[in-house]
Amino acid sequence: MAQTNGADNAIRFDNLGLRFGKDSDWVLQNLNLEIKKGEFFVLVGPSGCGKSTLLRVLAGIAEATEGQALLASGPVTGPGPDRGMVFQSVDAPLMDWLTARQNVEFGLKIQGMGRKERREVAAKYLAKVGLQRAADKYPRELSGGMKQRVQIARILAIRPDIILMDEPFAALDAQSRRLLQAEISKIWAEERKTFVYITHDIREAVLLGERVAVMSAAPRSGIKSCRTIDLPYPRDEFDARFGELARLVEADIQEEVSKTWED
């Protein structure tokens with residue numbers, strides 16, 4: 001019988017390790033972590049610690065060298081419709097010959113959704129990312145940040161059980177970023193999908209996450225700490241408790257960053 005998670009877990013990493021060749025050092029090693037079904041889980045850590053690599057293992061586009069990543073249905077063996085990933089790059093993998101709306105509709109069409117319904121769903125999610133006026137524009141007519149928002153809308157529209165986001169707002173201006181942080185938090189609260197979210201922004205991590213895990217510095221990265229963010233939504237960045245939690249997460253990261261500096 002295939003090994004699976006417990007009923008309350010969407011994701012589990014068991015002694016996960018990864019390296020890119022037998023003579024190379026381990027990127028990840030002995031990594032153990034459980035993420036609950038419907039949880040908004042945030043990963044932070046020093047640059048190069050393997051956050052994106054871990055997300056790619058979960059997406060099924062990178063393969064663990066040892067250990068395993070487990071979903072409720074069993075081990076991750078490749079990509080699947082139960083997971084959707086928003087990549088970090090502003091050069092989002094959009095189809096240049098389709099408009100923004102058609103790009104969002106594409107996955108819905110593959111799922112077999114009728115034309116009228118998928119048009120309505122695409123319009124809904126384009127509005128959520130502030131692109132309703134750009135629905136009929138082609139990718140070449142969009143800025144890098146707008147392309148990234150189309151990518152976000154496309155993944156949200158297909159409503160996978162697990163949504164993976166690798167610094168999705170890094171290319172956006174500050175105001176768009178704040179608006180989308182609020183919208184993503186609202187979508188999560190309404191739909192209770194499992195979110196696994198990577199960011200370098202500590203305040204963003206505390207603003208969005210139910211739990212925030214700090215990864216240890218490379219090589220042989222694992223989970224250094226995992227803090228519960230016991231604050232009600234929507235969160236107030238100027239609240240004293242918010243600031244205290246942000247400082248605790250930052251201290252964990254700084255301790256790991258200091259290990260990478262040479263004397």
# chains A, B, ... in the order shown; residues from 1 in each chain; ligands from 1
call {"tool": "residues_around", "arguments": {"residues": "Gly50 (chain A)", "least_positions_apart": "2", "cutoff": "12 Å", "atoms": "only C-alpha atoms", "output": "ChimeraX atom specification"}}
result
/A:16-20,26-29,31,43-48,52-57,62,166,198,214-223
call {"tool": "select_by_dssp", "arguments": {"residues": "region 166-210 of chain A", "states": "alpha helix (DSSP H)", "output": "JSON, numbers by chain"}}
result
{"A": [174, 175, 176, 177, 178, 179, 180, 181, 182, 183, 184, 185, 186, 187, 188, 189, 190, 191, 202, 203, 204, 205, 206, 207, 208]}
call {"tool": "closest_residue", "arguments": {"among": "A:Glu167, A:Asp252, A:Asp96, A:Glu117", "to": "Glu141 (chain A)", "atoms": "only C-alpha atoms"}}
result
A:Asp96
call {"tool": "residues_around", "arguments": {"residues": "Arg83 (chain A)", "least_positions_apart": "3", "cutoff": "8 Å", "atoms": "only C-alpha atoms", "output": "PyMOL selection string"}}
result
chain A and resi 59+79-80+160-164
call {"tool": "write_last_selection", "arguments": {"atoms": "C-alpha atoms", "output": "short mmCIF file (atom, residue, chain, number, x, y, z; two decimals), in the first residue's frame"}}
result
data_model
loop_
_atom_site.label_atom_id
_atom_site.label_comp_id
_atom_site.auth_asym_id
_atom_site.auth_seq_id
_atom_site.Cartn_x
_atom_site.Cartn_y
_atom_site.Cartn_z
CA ALA A 59 5.40 20.50 -7.58
CA PRO A 79 3.28 17.19 -11.60
CA GLY A 80 -0.44 16.77 -11.02
CA PRO A 160 -5.97 23.23 -7.25
CA ASP A 161 -5.97 21.71 -3.76
CA ILE A 162 -2.42 22.96 -3.15
CA ILE A 163 -1.18 26.35 -4.39
CA LEU A 164 2.59 26.86 -4.52
#
call {"tool": "select_by_dssp", "arguments": {"residues": "region 43-260 of chain A", "states": "strand (DSSP E)", "output": "MDAnalysis selection string"}}
result
chainID A and resid 43:44 66:71 74:75 83:86 162:166 194:198 211:215 223:228
call {"tool": "closest_residue", "arguments": {"among": "A:Met146, A:Asp23, A:Arg178, A:Gly209", "to": "Leu94 (chain A)", "atoms": "only C-alpha atoms"}}
result
A:Met146
call {"tool": "residues_around", "arguments": {"residues": "region 68-78 of chain A", "least_positions_apart": "3", "cutoff": "10 Å", "atoms": "only C-alpha atoms", "output": "number ranges by chain"}}
result
A: 1-18, 31-35, 37, 54, 56-65, 82, 162
call {"tool": "residues_around", "arguments": {"residues": "Phe238 (chain A)", "least_positions_apart": "4", "cutoff": "12 Å", "atoms": "only C-alpha atoms", "output": "list in words"}}
result
Arg203, Val206, Leu207, Phe242, Gly243, Glu244, Leu245 and Ala246 of chain A
call {"tool": "write_last_selection", "arguments": {"atoms": "all heavy atoms", "output": "compact mmCIF listing (two decimals), in the first residue's frame"}}
result
# COMPACT_ATOMS: atom_id res chain seq x y z
N ARG A 203 8.11 40.72 6.81
CA ARG A 203 6.82 41.28 7.19
C ARG A 203 5.69 40.66 6.35
O ARG A 203 4.59 40.44 6.85
CB ARG A 203 6.83 42.81 7.07
CG ARG A 203 7.86 43.47 7.98
CD ARG A 203 7.70 44.96 8.07
NE ARG A 203 6.58 45.36 8.91
CZ ARG A 203 6.61 45.44 10.23
NH1 ARG A 203 7.70 45.11 10.89
NH2 ARG A 203 5.56 45.83 10.91
N VAL A 206 4.86 37.27 7.93
CA VAL A 206 4.03 37.37 9.15
C VAL A 206 2.64 37.90 8.81
O VAL A 206 1.65 37.54 9.46
CB VAL A 206 4.73 38.27 10.19
CG1 VAL A 206 3.88 38.44 11.45
CG2 VAL A 206 6.09 37.67 10.57
N LEU A 207 2.53 38.70 7.77
CA LEU A 207 1.24 39.23 7.35
C LEU A 207 0.33 38.12 6.82
O LEU A 207 -0.88 38.13 7.06
CB LEU A 207 1.46 40.28 6.25
CG LEU A 207 0.23 41.05 5.77
CD1 LEU A 207 -0.24 42.01 6.85
CD2 LEU A 207 0.55 41.81 4.50
N PHE A 242 2.64 41.90 16.25
CA PHE A 242 3.12 41.67 14.88
C PHE A 242 4.62 41.97 14.81
O PHE A 242 5.40 41.17 14.28
CB PHE A 242 2.36 42.56 13.91
CG PHE A 242 2.69 42.33 12.46
CD1 PHE A 242 1.84 41.60 11.64
CD2 PHE A 242 3.86 42.85 11.90
CE1 PHE A 242 2.14 41.38 10.29
CE2 PHE A 242 4.18 42.62 10.56
CZ PHE A 242 3.32 41.89 9.76
N GLY A 243 5.02 43.11 15.33
CA GLY A 243 6.43 43.49 15.30
C GLY A 243 7.30 42.52 16.06
O GLY A 243 8.41 42.19 15.63
N GLU A 244 6.80 42.02 17.19
CA GLU A 244 7.56 41.06 17.99
C GLU A 244 7.80 39.76 17.23
O GLU A 244 8.91 39.23 17.21
CB GLU A 244 6.80 40.77 19.29
CG GLU A 244 7.49 39.78 20.20
CD GLU A 244 6.66 39.45 21.43
OE1 GLU A 244 5.67 40.16 21.69
OE2 GLU A 244 7.00 38.47 22.12
N LEU A 245 6.75 39.25 16.57
CA LEU A 245 6.88 38.02 15.80
C LEU A 245 7.81 38.21 14.61
O LEU A 245 8.62 37.32 14.29
CB LEU A 245 5.51 37.54 15.34
CG LEU A 245 4.61 36.96 16.44
CD1 LEU A 245 3.16 36.87 15.98
CD2 LEU A 245 5.12 35.58 16.86
N ALA A 246 7.71 39.34 13.95
CA ALA A 246 8.60 39.63 12.82
C ALA A 246 10.05 39.66 13.27
O ALA A 246 10.95 39.14 12.58
CB ALA A 246 8.22 40.96 12.17
call {"tool": "decode", "arguments": {"residues": "region 6-49 of chain A", "atoms": "N, CA and C atoms", "output": "compact mmCIF listing (two decimals), in the first residue's frame"}}
result
# COMPACT_ATOMS: atom_id res chain seq x y z
N GLY A 6 -1.48 11.64 7.17
CA GLY A 6 -2.64 11.52 8.02
C GLY A 6 -3.76 12.41 7.49
N ALA A 7 -4.93 12.26 8.03
CA ALA A 7 -6.11 12.96 7.52
C ALA A 7 -5.98 14.47 7.60
N ASP A 8 -5.22 14.97 8.59
CA ASP A 8 -5.13 16.42 8.79
C ASP A 8 -4.02 17.07 7.98
N ASN A 9 -3.17 16.28 7.35
CA ASN A 9 -2.02 16.83 6.63
C ASN A 9 -2.25 16.81 5.13
N ALA A 10 -1.86 17.92 4.49
CA ALA A 10 -1.88 17.97 3.04
C ALA A 10 -0.54 17.54 2.47
N ILE A 11 0.54 17.81 3.25
CA ILE A 11 1.90 17.62 2.76
C ILE A 11 2.78 17.12 3.90
N ARG A 12 3.67 16.20 3.59
CA ARG A 12 4.67 15.80 4.56
C ARG A 12 5.99 15.50 3.84
N PHE A 13 7.07 16.02 4.38
CA PHE A 13 8.40 15.70 3.89
C PHE A 13 9.06 14.79 4.91
N ASP A 14 9.49 13.62 4.46
CA ASP A 14 10.14 12.64 5.33
C ASP A 14 11.62 12.50 4.98
N ASN A 15 12.50 13.02 5.85
CA ASN A 15 13.95 12.89 5.67
C ASN A 15 14.37 13.22 4.24
N LEU A 16 13.81 14.29 3.71
CA LEU A 16 14.04 14.65 2.32
C LEU A 16 15.47 15.16 2.10
N GLY A 17 16.10 14.67 1.07
CA GLY A 17 17.42 15.15 0.69
C GLY A 17 17.50 15.30 -0.82
N LEU A 18 18.28 16.28 -1.27
CA LEU A 18 18.44 16.49 -2.71
C LEU A 18 19.82 17.05 -2.99
N ARG A 19 20.47 16.47 -4.01
CA ARG A 19 21.67 17.05 -4.57
C ARG A 19 21.63 16.83 -6.08
N PHE A 20 22.39 17.63 -6.82
CA PHE A 20 22.27 17.64 -8.27
C PHE A 20 23.30 16.75 -8.97
N GLY A 21 24.01 15.94 -8.21
CA GLY A 21 24.98 15.00 -8.77
C GLY A 21 25.69 14.31 -7.64
N LYS A 22 26.18 13.11 -7.89
CA LYS A 22 26.76 12.32 -6.81
C LYS A 22 28.01 12.96 -6.22
N ASP A 23 28.66 13.83 -6.97
CA ASP A 23 29.87 14.49 -6.47
C ASP A 23 29.61 15.89 -5.93
N SER A 24 28.36 16.32 -5.99
CA SER A 24 28.01 17.65 -5.51
C SER A 24 27.54 17.59 -4.05
N ASP A 25 27.54 18.73 -3.39
CA ASP A 25 27.09 18.78 -2.00
C ASP A 25 25.56 18.71 -1.96
N TRP A 26 25.06 18.36 -0.81
CA TRP A 26 23.60 18.29 -0.63
C TRP A 26 23.02 19.70 -0.56
N VAL A 27 21.98 19.95 -1.33
CA VAL A 27 21.24 21.20 -1.23
C VAL A 27 20.31 21.13 -0.03
N LEU A 28 19.54 20.04 0.05
CA LEU A 28 18.64 19.77 1.18
C LEU A 28 19.05 18.42 1.77
N GLN A 29 18.92 18.30 3.09
CA GLN A 29 19.23 17.00 3.71
C GLN A 29 18.48 16.85 5.02
N ASN A 30 17.93 15.65 5.22
CA ASN A 30 17.21 15.31 6.46
C ASN A 30 16.13 16.34 6.79
N LEU A 31 15.41 16.76 5.76
CA LEU A 31 14.36 17.76 5.97
C LEU A 31 13.05 17.07 6.29
N ASN A 32 12.48 17.44 7.43
CA ASN A 32 11.20 16.87 7.89
C ASN A 32 10.23 18.01 8.18
N LEU A 33 9.03 17.88 7.66
CA LEU A 33 8.05 18.95 7.81
C LEU A 33 6.66 18.43 7.48
N GLU A 34 5.66 18.90 8.24
CA GLU A 34 4.26 18.59 7.95
C GLU A 34 3.50 19.90 7.77
N ILE A 35 2.67 19.94 6.74
CA ILE A 35 1.82 21.11 6.46
C ILE A 35 0.38 20.65 6.46
N LYS A 36 -0.45 21.32 7.23
CA LYS A 36 -1.82 20.88 7.40
C LYS A 36 -2.71 21.24 6.21
N LYS A 37 -3.73 20.47 6.04
CA LYS A 37 -4.71 20.74 4.99
C LYS A 37 -5.37 22.09 5.24
N GLY A 38 -5.38 22.93 4.21
CA GLY A 38 -6.01 24.24 4.32
C GLY A 38 -5.17 25.29 5.01
N GLU A 39 -3.90 24.99 5.27
CA GLU A 39 -3.03 25.93 5.98
C GLU A 39 -2.37 26.90 5.01
N PHE A 40 -2.12 28.14 5.48
CA PHE A 40 -1.29 29.08 4.75
C PHE A 40 0.08 29.02 5.40
N PHE A 41 1.01 28.37 4.69
CA PHE A 41 2.33 28.08 5.23
C PHE A 41 3.38 28.85 4.45
N VAL A 42 4.25 29.55 5.16
CA VAL A 42 5.25 30.40 4.52
C VAL A 42 6.66 29.89 4.84
N LEU A 43 7.50 29.86 3.81
CA LEU A 43 8.91 29.49 3.94
C LEU A 43 9.79 30.71 3.71
N VAL A 44 10.70 30.95 4.65
CA VAL A 44 11.69 32.01 4.50
C VAL A 44 13.06 31.42 4.81
N GLY A 45 14.10 32.17 4.54
CA GLY A 45 15.46 31.69 4.83
C GLY A 45 16.49 32.43 4.02
N PRO A 46 17.77 32.18 4.31
CA PRO A 46 18.84 32.87 3.59
C PRO A 46 18.80 32.56 2.09
N SER A 47 19.34 33.46 1.30
CA SER A 47 19.44 33.21 -0.14
C SER A 47 20.25 31.94 -0.39
N GLY A 48 19.77 31.13 -1.33
CA GLY A 48 20.49 29.92 -1.70
C GLY A 48 20.28 28.74 -0.78
N CYS A 49 19.31 28.84 0.15
CA CYS A 49 19.12 27.74 1.10
C CYS A 49 18.26 26.60 0.55
